[in-house]
file structure_4.txt (compact mmCIF, C-alpha atoms and all ligand atoms)
# COMPACT_ATOMS: atom_id res chain seq x y z
CA MET A 1 -65.13 -126.42 -21.28
CA ILE A 2 -64.11 -127.92 -24.59
CA ASP A 3 -63.85 -125.88 -27.78
CA ILE A 4 -63.98 -128.01 -30.94
CA HIS A 5 -63.31 -125.25 -33.52
CA SER A 6 -60.57 -122.64 -33.26
CA HIS A 7 -57.78 -121.00 -35.23
CA ILE A 8 -55.13 -120.93 -32.54
CA LEU A 9 -51.94 -122.22 -34.12
CA PRO A 10 -49.33 -119.50 -34.77
CA GLY A 11 -48.62 -118.40 -38.35
CA ILE A 12 -50.64 -121.15 -40.01
CA ASP A 13 -53.81 -119.51 -41.33
CA ASP A 14 -55.78 -116.31 -40.61
CA GLY A 15 -55.52 -116.92 -36.86
CA PRO A 16 -52.70 -115.54 -34.67
CA GLY A 17 -49.63 -114.49 -36.66
CA ASN A 18 -47.12 -115.51 -34.00
CA ILE A 19 -46.75 -117.45 -30.74
CA GLU A 20 -47.24 -114.32 -28.60
CA LYS A 21 -50.70 -113.83 -30.09
CA THR A 22 -51.45 -117.55 -29.66
CA LEU A 23 -50.57 -117.26 -25.96
CA LEU A 24 -52.85 -114.24 -25.58
CA MET A 25 -55.67 -116.33 -27.04
CA ILE A 26 -54.89 -119.19 -24.69
CA GLU A 27 -54.90 -116.82 -21.70
CA GLN A 28 -58.31 -115.52 -22.76
CA ALA A 29 -59.65 -119.04 -23.22
CA LEU A 30 -58.40 -120.07 -19.75
CA GLU A 31 -59.98 -116.97 -18.19
CA LYS A 32 -63.28 -118.05 -19.74
CA GLY A 33 -63.03 -121.59 -18.41
CA ILE A 34 -61.88 -123.37 -21.58
CA HIS A 35 -59.21 -126.02 -20.94
CA HIS A 36 -59.43 -128.15 -24.09
CA ILE A 37 -59.15 -126.68 -27.59
CA ILE A 38 -59.16 -128.46 -30.94
CA ALA A 39 -56.96 -126.53 -33.39
CA THR A 40 -58.80 -126.44 -36.71
CA PRO A 41 -56.78 -124.43 -39.26
CA HIS A 42 -58.43 -123.77 -42.63
CA HIS A 43 -57.63 -126.47 -45.16
CA GLN A 44 -58.37 -127.03 -48.87
CA THR A 45 -59.38 -123.40 -49.42
CA ARG A 46 -57.91 -121.25 -52.21
CA LYS A 47 -55.57 -119.62 -49.68
CA TYR A 48 -54.75 -122.38 -47.22
CA THR A 49 -53.70 -125.99 -47.57
CA GLN A 50 -52.01 -127.47 -44.52
CA GLU A 51 -49.78 -130.50 -44.37
CA ALA A 52 -51.04 -132.82 -41.63
CA ILE A 53 -47.52 -133.21 -40.26
CA GLU A 54 -47.22 -129.42 -39.79
CA ILE A 55 -50.40 -129.33 -37.74
CA VAL A 56 -49.34 -132.30 -35.61
CA GLU A 57 -45.93 -130.70 -34.96
CA ALA A 58 -47.42 -127.29 -34.12
CA VAL A 59 -49.91 -128.88 -31.71
CA ASN A 60 -47.17 -130.98 -30.06
CA GLN A 61 -44.98 -127.89 -29.58
CA LEU A 62 -47.85 -125.91 -28.14
CA ASN A 63 -48.75 -128.70 -25.70
CA LEU A 64 -45.12 -128.88 -24.61
CA LEU A 65 -45.16 -125.14 -23.96
CA MET A 66 -48.41 -125.51 -21.97
CA SER A 67 -46.88 -128.10 -19.67
CA GLU A 68 -43.55 -126.24 -19.35
CA THR A 69 -45.33 -123.03 -18.38
CA GLY A 70 -47.86 -124.73 -16.10
CA ARG A 71 -50.92 -123.79 -18.11
CA ASP A 72 -53.90 -126.12 -17.67
CA MET A 73 -54.66 -126.34 -21.39
CA THR A 74 -54.66 -129.23 -23.85
CA ILE A 75 -54.62 -128.63 -27.61
CA TYR A 76 -55.76 -131.30 -30.09
CA THR A 77 -55.19 -131.71 -33.81
CA GLY A 78 -57.88 -131.00 -36.39
CA GLN A 79 -58.73 -129.11 -39.54
CA GLU A 80 -61.60 -127.06 -40.89
CA ILE A 81 -61.82 -128.65 -44.31
CA ARG A 82 -63.45 -126.82 -47.22
CA MET A 83 -65.98 -129.09 -48.94
CA HIS A 84 -64.36 -130.77 -51.95
CA GLY A 85 -64.96 -133.87 -54.04
CA GLU A 86 -62.02 -135.94 -52.78
CA LEU A 87 -62.76 -135.66 -49.06
CA VAL A 88 -63.06 -139.36 -48.32
CA GLN A 89 -60.00 -140.26 -50.37
CA ASN A 90 -57.98 -137.52 -48.65
CA LEU A 91 -59.15 -138.57 -45.19
CA LYS A 92 -57.96 -142.08 -45.93
CA LYS A 93 -54.60 -140.76 -47.13
CA TYR A 94 -54.21 -138.58 -44.00
CA ILE A 95 -54.14 -135.47 -46.22
CA ASP A 96 -57.42 -134.26 -44.67
CA LEU A 97 -57.64 -134.73 -40.89
CA PRO A 98 -60.58 -135.61 -38.67
CA LEU A 99 -60.94 -133.91 -35.29
CA VAL A 100 -58.66 -135.28 -32.54
CA CYS A 101 -58.29 -138.91 -33.55
CA PRO A 102 -56.20 -139.76 -36.63
CA SER A 103 -58.89 -142.21 -37.71
CA GLY A 104 -62.00 -140.11 -37.02
CA PRO A 105 -64.94 -140.27 -36.89
CA TYR A 106 -65.71 -136.53 -36.49
CA VAL A 107 -64.75 -134.29 -39.43
CA LEU A 108 -65.29 -130.52 -39.45
CA ILE A 109 -66.36 -129.26 -42.87
CA GLU A 110 -66.72 -125.72 -44.11
CA LEU A 111 -69.11 -124.88 -46.94
CA PRO A 112 -68.52 -121.83 -49.14
CA THR A 113 -70.17 -118.69 -47.70
CA ASP A 114 -72.64 -118.09 -50.51
CA ASN A 115 -73.58 -121.50 -51.89
CA ILE A 116 -73.56 -125.27 -51.44
CA PRO A 117 -71.61 -127.22 -54.07
CA LEU A 118 -73.80 -129.63 -56.05
CA PHE A 119 -71.75 -132.67 -55.01
CA THR A 120 -72.11 -131.93 -51.25
CA GLU A 121 -74.88 -134.43 -50.51
CA LYS A 122 -72.99 -137.14 -52.39
CA VAL A 123 -69.77 -136.47 -50.44
CA PHE A 124 -71.68 -136.56 -47.13
CA TYR A 125 -73.25 -139.88 -48.15
CA HIS A 126 -69.85 -141.29 -49.08
CA MET A 127 -68.37 -140.10 -45.76
CA LEU A 128 -71.20 -141.59 -43.71
CA THR A 129 -71.00 -144.95 -45.46
CA GLU A 130 -67.23 -145.02 -44.82
CA GLY A 131 -67.72 -144.38 -41.08
CA TYR A 132 -66.86 -140.68 -41.02
CA GLN A 133 -69.16 -138.23 -39.23
CA PRO A 134 -69.38 -134.91 -41.08
CA ILE A 135 -69.97 -131.77 -39.02
CA ILE A 136 -70.94 -128.64 -40.97
CA ALA A 137 -69.18 -125.62 -39.45
CA HIS A 138 -71.36 -122.52 -38.91
CA PRO A 139 -74.37 -123.39 -41.15
CA GLU A 140 -76.04 -120.22 -39.84
CA ARG A 141 -73.64 -118.12 -41.93
CA ASN A 142 -74.18 -119.91 -45.27
CA MET A 143 -76.32 -117.76 -47.57
CA GLU A 144 -77.97 -120.71 -49.32
CA LEU A 145 -78.98 -122.29 -46.00
CA ILE A 146 -80.32 -118.94 -44.77
CA ARG A 147 -82.42 -118.68 -47.95
CA ASN A 148 -83.46 -122.32 -47.83
CA PRO A 149 -83.35 -123.80 -44.28
CA GLU A 150 -85.11 -126.92 -45.59
CA LYS A 151 -81.74 -127.88 -47.08
CA LEU A 152 -80.20 -127.87 -43.59
CA TYR A 153 -83.01 -130.12 -42.35
CA GLN A 154 -82.30 -132.51 -45.23
CA PHE A 155 -78.59 -132.69 -44.38
CA VAL A 156 -79.27 -133.40 -40.69
CA ASN A 157 -81.90 -135.98 -41.66
CA GLN A 158 -79.25 -137.57 -43.84
CA GLY A 159 -77.07 -138.02 -40.72
CA VAL A 160 -74.89 -134.92 -40.94
CA MET A 161 -74.16 -132.95 -37.74
CA THR A 162 -73.67 -129.20 -37.47
CA GLN A 163 -71.79 -126.71 -35.28
CA LEU A 164 -73.03 -123.21 -34.53
CA THR A 165 -70.56 -120.42 -33.80
CA ALA A 166 -70.83 -119.10 -30.25
CA SER A 167 -70.69 -115.47 -31.36
CA SER A 168 -73.60 -116.06 -33.78
CA ILE A 169 -75.71 -117.01 -30.76
CA THR A 170 -74.53 -114.04 -28.71
CA GLY A 171 -75.32 -111.64 -31.57
CA SER A 172 -71.84 -110.57 -32.72
CA PHE A 173 -72.72 -111.43 -36.33
CA GLY A 174 -75.95 -109.42 -36.18
CA ARG A 175 -79.58 -109.98 -35.26
CA LYS A 176 -80.54 -111.98 -38.36
CA ILE A 177 -77.77 -114.54 -37.86
CA GLN A 178 -78.66 -114.66 -34.16
CA ALA A 179 -82.35 -115.28 -34.91
CA PHE A 180 -81.50 -117.99 -37.44
CA SER A 181 -79.08 -119.62 -34.95
CA LYS A 182 -81.75 -119.78 -32.27
CA ALA A 183 -84.24 -121.26 -34.74
CA ILE A 184 -81.66 -123.92 -35.66
CA VAL A 185 -81.23 -124.80 -31.96
CA ASP A 186 -85.02 -124.95 -31.49
CA ALA A 187 -85.37 -127.34 -34.45
CA ASN A 188 -82.67 -129.74 -33.14
CA LEU A 189 -80.60 -129.06 -36.22
CA THR A 190 -77.31 -128.49 -34.41
CA HIS A 191 -75.10 -130.59 -32.19
CA PHE A 192 -72.15 -128.40 -31.19
CA ILE A 193 -71.35 -124.86 -30.16
CA ALA A 194 -67.77 -123.69 -30.72
CA SER A 195 -65.90 -120.41 -30.69
CA ASP A 196 -64.27 -120.41 -34.18
CA ALA A 197 -61.92 -117.96 -32.43
CA HIS A 198 -59.27 -116.28 -34.59
CA ASN A 199 -57.99 -113.66 -32.10
CA THR A 200 -58.72 -111.99 -28.76
CA THR A 201 -60.72 -109.10 -30.19
CA VAL A 202 -63.42 -109.35 -32.85
CA ARG A 203 -63.34 -113.15 -33.29
CA ASN A 204 -62.72 -114.31 -29.71
CA PHE A 205 -63.92 -117.01 -27.31
CA GLN A 206 -67.60 -116.48 -26.52
CA LEU A 207 -68.37 -120.07 -25.66
CA GLN A 208 -69.45 -119.46 -22.08
CA GLU A 209 -71.72 -116.57 -23.07
CA ALA A 210 -73.32 -118.72 -25.80
CA TYR A 211 -73.92 -121.61 -23.40
CA GLU A 212 -75.49 -119.21 -20.91
CA THR A 213 -77.79 -117.82 -23.62
CA ILE A 214 -78.85 -121.33 -24.65
CA GLN A 215 -79.26 -122.48 -21.05
CA SER A 216 -81.55 -119.59 -20.17
CA ARG A 217 -83.64 -120.08 -23.33
CA THR A 218 -83.89 -123.83 -23.65
CA GLY A 219 -82.00 -125.40 -20.73
CA THR A 220 -79.98 -127.56 -23.14
CA SER A 221 -76.41 -126.28 -22.79
CA LYS A 222 -75.34 -129.54 -21.09
CA TYR A 223 -76.31 -131.46 -24.25
CA PHE A 224 -73.86 -129.42 -26.32
CA GLN A 225 -71.10 -129.63 -23.72
CA GLN A 226 -71.49 -133.40 -23.52
CA ASN A 227 -71.26 -133.65 -27.32
CA ALA A 228 -67.97 -131.70 -27.35
CA LEU A 229 -66.63 -134.23 -24.82
CA SER A 230 -67.75 -137.07 -27.12
CA VAL A 231 -65.62 -135.58 -29.92
CA ILE A 232 -62.55 -135.57 -27.66
CA GLN A 233 -63.28 -139.15 -26.60
CA GLY A 234 -64.33 -140.37 -30.06
CA THR A 235 -67.62 -141.71 -28.67
CA PRO A 236 -71.11 -141.60 -30.25
CA ILE A 237 -73.50 -138.70 -29.77
CA PHE A 238 -77.16 -138.88 -28.81
CA LEU A 239 -79.24 -137.38 -31.62
CA LYS A 240 -82.38 -135.39 -30.97
CA PRO A 241 -85.04 -135.80 -33.68
CA PRO A 242 -84.55 -133.00 -36.23
CA ARG A 243 -87.43 -130.79 -37.31
CA PRO A 244 -87.72 -128.34 -40.19
CA VAL A 245 -86.79 -124.79 -39.17
CA ASP A 246 -89.87 -122.83 -38.14
CA GLU A 247 -89.47 -120.10 -40.76
CA SER A 248 -92.49 -118.14 -39.57
CA ASN A 249 -90.80 -117.96 -36.18
CA VAL A 250 -87.57 -116.69 -37.76
CA MET A 251 -89.48 -114.14 -39.83
CA THR A 252 -91.36 -112.97 -36.72
CA ARG A 253 -88.04 -112.43 -34.99
CA PHE A 254 -86.65 -110.59 -38.05
CA ARG A 255 -89.72 -108.32 -38.08
CA SER A 256 -89.46 -107.60 -34.36
CA VAL A 257 -85.79 -106.72 -34.90
CA LEU A 258 -86.71 -104.40 -37.78
CA LYS A 259 -89.32 -102.67 -35.62
CA ARG A 260 -86.71 -101.93 -32.99
CA VAL A 261 -84.18 -100.51 -35.50
FE FE A 301 -63.17 -121.56 -38.56
call {"tool": "encode", "arguments": {"input": "structure_4.txt", "output": "structure tokens"}}
result
Amino acid sequence: MIDIHSHILPGIDDGPGNIEKTLLMIEQALEKGIHHIIATPHHQTRKYTQEAIEIVEAVNQLNLLMSETGRDMTIYTGQEIRMHGELVQNLKKYIDLPLVCPSGPYVLIELPTDNIPLFTEKVFYHMLTEGYQPIIAHPERNMELIRNPEKLYQFVNQGVMTQLTASSITGSFGRKIQAFSKAIVDANLTHFIASDAHNTTVRNFQLQEAYETIQSRTGTSKYFQQNALSVIQGTPIFLKPPRPVDESNVMTRFRSVLKRV
């Protein structure tokens, strides 16, 4: 399996603090059948701004260690970039990095947790016209999108892709986030599932479990796995026609959860 979103590089962001912890994460990933991981450290947040060269060097070192120690794991460069007004300019200057390929097209973008900046749609438009493919990381955990799922539909209609977090689907972030995630899958408003792993405990690799959940519900896990491969290969992705989120369905699920509590 291929994981397109992870915080696996040692001592770079809020992922593993040292190489020993990185190796524990890699062992866990291998046990769960993941052999390709894109390292996506936080970037352009208040706390973290990463030099591209540092990420490239850290990934090169880690890959060297993988081959020296006989581990069947390949790490790729990437960033999880906080939405900001100069995204296109910074991508062109190699300050902000796309996933895997130095020249794109796939770019992983994080929105703030509680809102969507006013310039977001404009930045997405600019990216798309310049040949970049924005992917919104974990839309299911953005408060404004939870309140107004129509906004998510508009972004996907605009040409933006999205990535759900595996542990949102498995329920680690709670029943509401899980219900919203499933509704997003049902409405064809997401294109990738990824771990967003930070460690081996509370934020770990639940990719396989998430794929199994999706497969048993909708039989579409292969679609998501193929899309992750397309990111590694830099090839286009088949888009399913997006639909607005069925909010009555989400509310029914919320109510059934409340009844059980
Ligand atoms: Fe992340």
call {"tool": "residues_near_ligand", "arguments": {"input": "structure_4.txt", "ligand": "ligand FE 301 (chain A)", "cutoff": "9 Å", "atoms": "only C-alpha atoms and all ligand atoms", "output": "PyMOL selection string"}}
result
chain A and resi 5-7+40-42+79-80+110+137-138+165+195-198
call {"tool": "residues_around", "arguments": {"input": "structure_4.txt", "residues": "range 57-66 of chain A", "least_positions_apart": "3", "cutoff": "8 Å", "atoms": "all atoms listed in the file", "output": "compact mmCIF listing (two decimals) with C-alpha atoms, keeping the file's coordinate frame"}}
result
# COMPACT_ATOMS: atom_id res chain seq x y z
CA LEU A 9 -51.94 -122.22 -34.12
CA ALA A 39 -56.96 -126.53 -33.39
CA ILE A 53 -47.52 -133.21 -40.26
CA GLU A 54 -47.22 -129.42 -39.79
CA THR A 69 -45.33 -123.03 -18.38
CA GLY A 70 -47.86 -124.73 -16.10
CA ARG A 71 -50.92 -123.79 -18.11
CA ASP A 72 -53.90 -126.12 -17.67
CA MET A 73 -54.66 -126.34 -21.39
CA THR A 74 -54.66 -129.23 -23.85
CA ILE A 75 -54.62 -128.63 -27.61
CA TYR A 76 -55.76 -131.30 -30.09
CA THR A 77 -55.19 -131.71 -33.81
call {"tool": "residues_around", "arguments": {"input": "structure_4.txt", "residues": "Gly234 in chain A", "least_positions_apart": "5", "cutoff": "9 Å", "atoms": "only C-alpha atoms", "output": "ChimeraX atom specification"}}
result
/A:99-101,104-106,229
call {"tool": "closest_residue", "arguments": {"input": "structure_4.txt", "among": "A:Leu145, A:Ile8, A:Leu30, A:Ala183", "to": "Thr218 in chain A", "atoms": "only C-alpha atoms"}}
result
A:Ala183
call {"tool": "residues_around", "arguments": {"input": "structure_4.txt", "residues": "Asp96 in chain A", "least_positions_apart": "6", "cutoff": "8 Å", "atoms": "all atoms listed in the file", "output": "list in words"}}
result
His43, Ala52, Gln79, Ile81, Leu87 and Asn90 of chain A
call {"tool": "closest_residue", "arguments": {"input": "structure_4.txt", "among": "A:Met25, A:Glu51, A:Lys240, A:Arg147", "to": "Lys176 in chain A", "atoms": "all atoms listed in the file"}}
result
A:Arg147
call {"tool": "residues_near_point", "arguments": {"input": "structure_4.txt", "point": "(-90.7, -129.8, -39.5)", "cutoff": "12 Å", "atoms": "all atoms listed in the file", "output": "number ranges by chain"}}
result
A: 149-154, 157, 183-184, 186-189, 241-248
call {"tool": "atom_distance", "arguments": {"input": "structure_4.txt", "atom1": "CA of Arg203 in chain A", "atom2": "CA of Gly171 in chain A"}}
result
12.2 Å
call {"tool": "residues_near_point", "arguments": {"input": "structure_4.txt", "point": "(-71.0, -120.3, -25.6)", "cutoff": "10 Å", "atoms": "all atoms listed in the file", "output": "JSON, numbers by chain"}}
result
{"A": [1, 3, 32, 164, 165, 166, 167, 168, 169, 170, 192, 193, 194, 195, 205, 206, 207, 208, 209, 210, 211, 212, 213, 214, 215, 221, 224, 225]}
call {"tool": "closest_residue", "arguments": {"input": "structure_4.txt", "among": "A:Ile116, A:Met161, A:Ile55, A:Leu23", "to": "Met143 in chain A", "atoms": "all atoms listed in the file"}}
result
A:Ile116
call {"tool": "atom_distance", "arguments": {"input": "structure_4.txt", "atom1": "CA of Leu111 in chain A", "atom2": "CA of Arg141 in chain A"}}
result
9.6 Å
call {"tool": "closest_residue", "arguments": {"input": "structure_4.txt", "among": "A:Val156, A:Met83, A:Val185, A:Ile135", "to": "Val123 in chain A", "atoms": "all atoms listed in the file"}}
result
A:Met83
call {"tool": "closest_residue", "arguments": {"input": "structure_4.txt", "among": "A:Gln50, A:Asn142, A:Thr200, A:Gln163", "to": "Ile177 in chain A", "atoms": "only C-alpha atoms"}}
result
A:Asn142
call {"tool": "atom_distance", "arguments": {"input": "structure_4.txt", "atom1": "CA of Ile136 in chain A", "atom2": "CA of Val160 in chain A"}}
result
7.4 Å
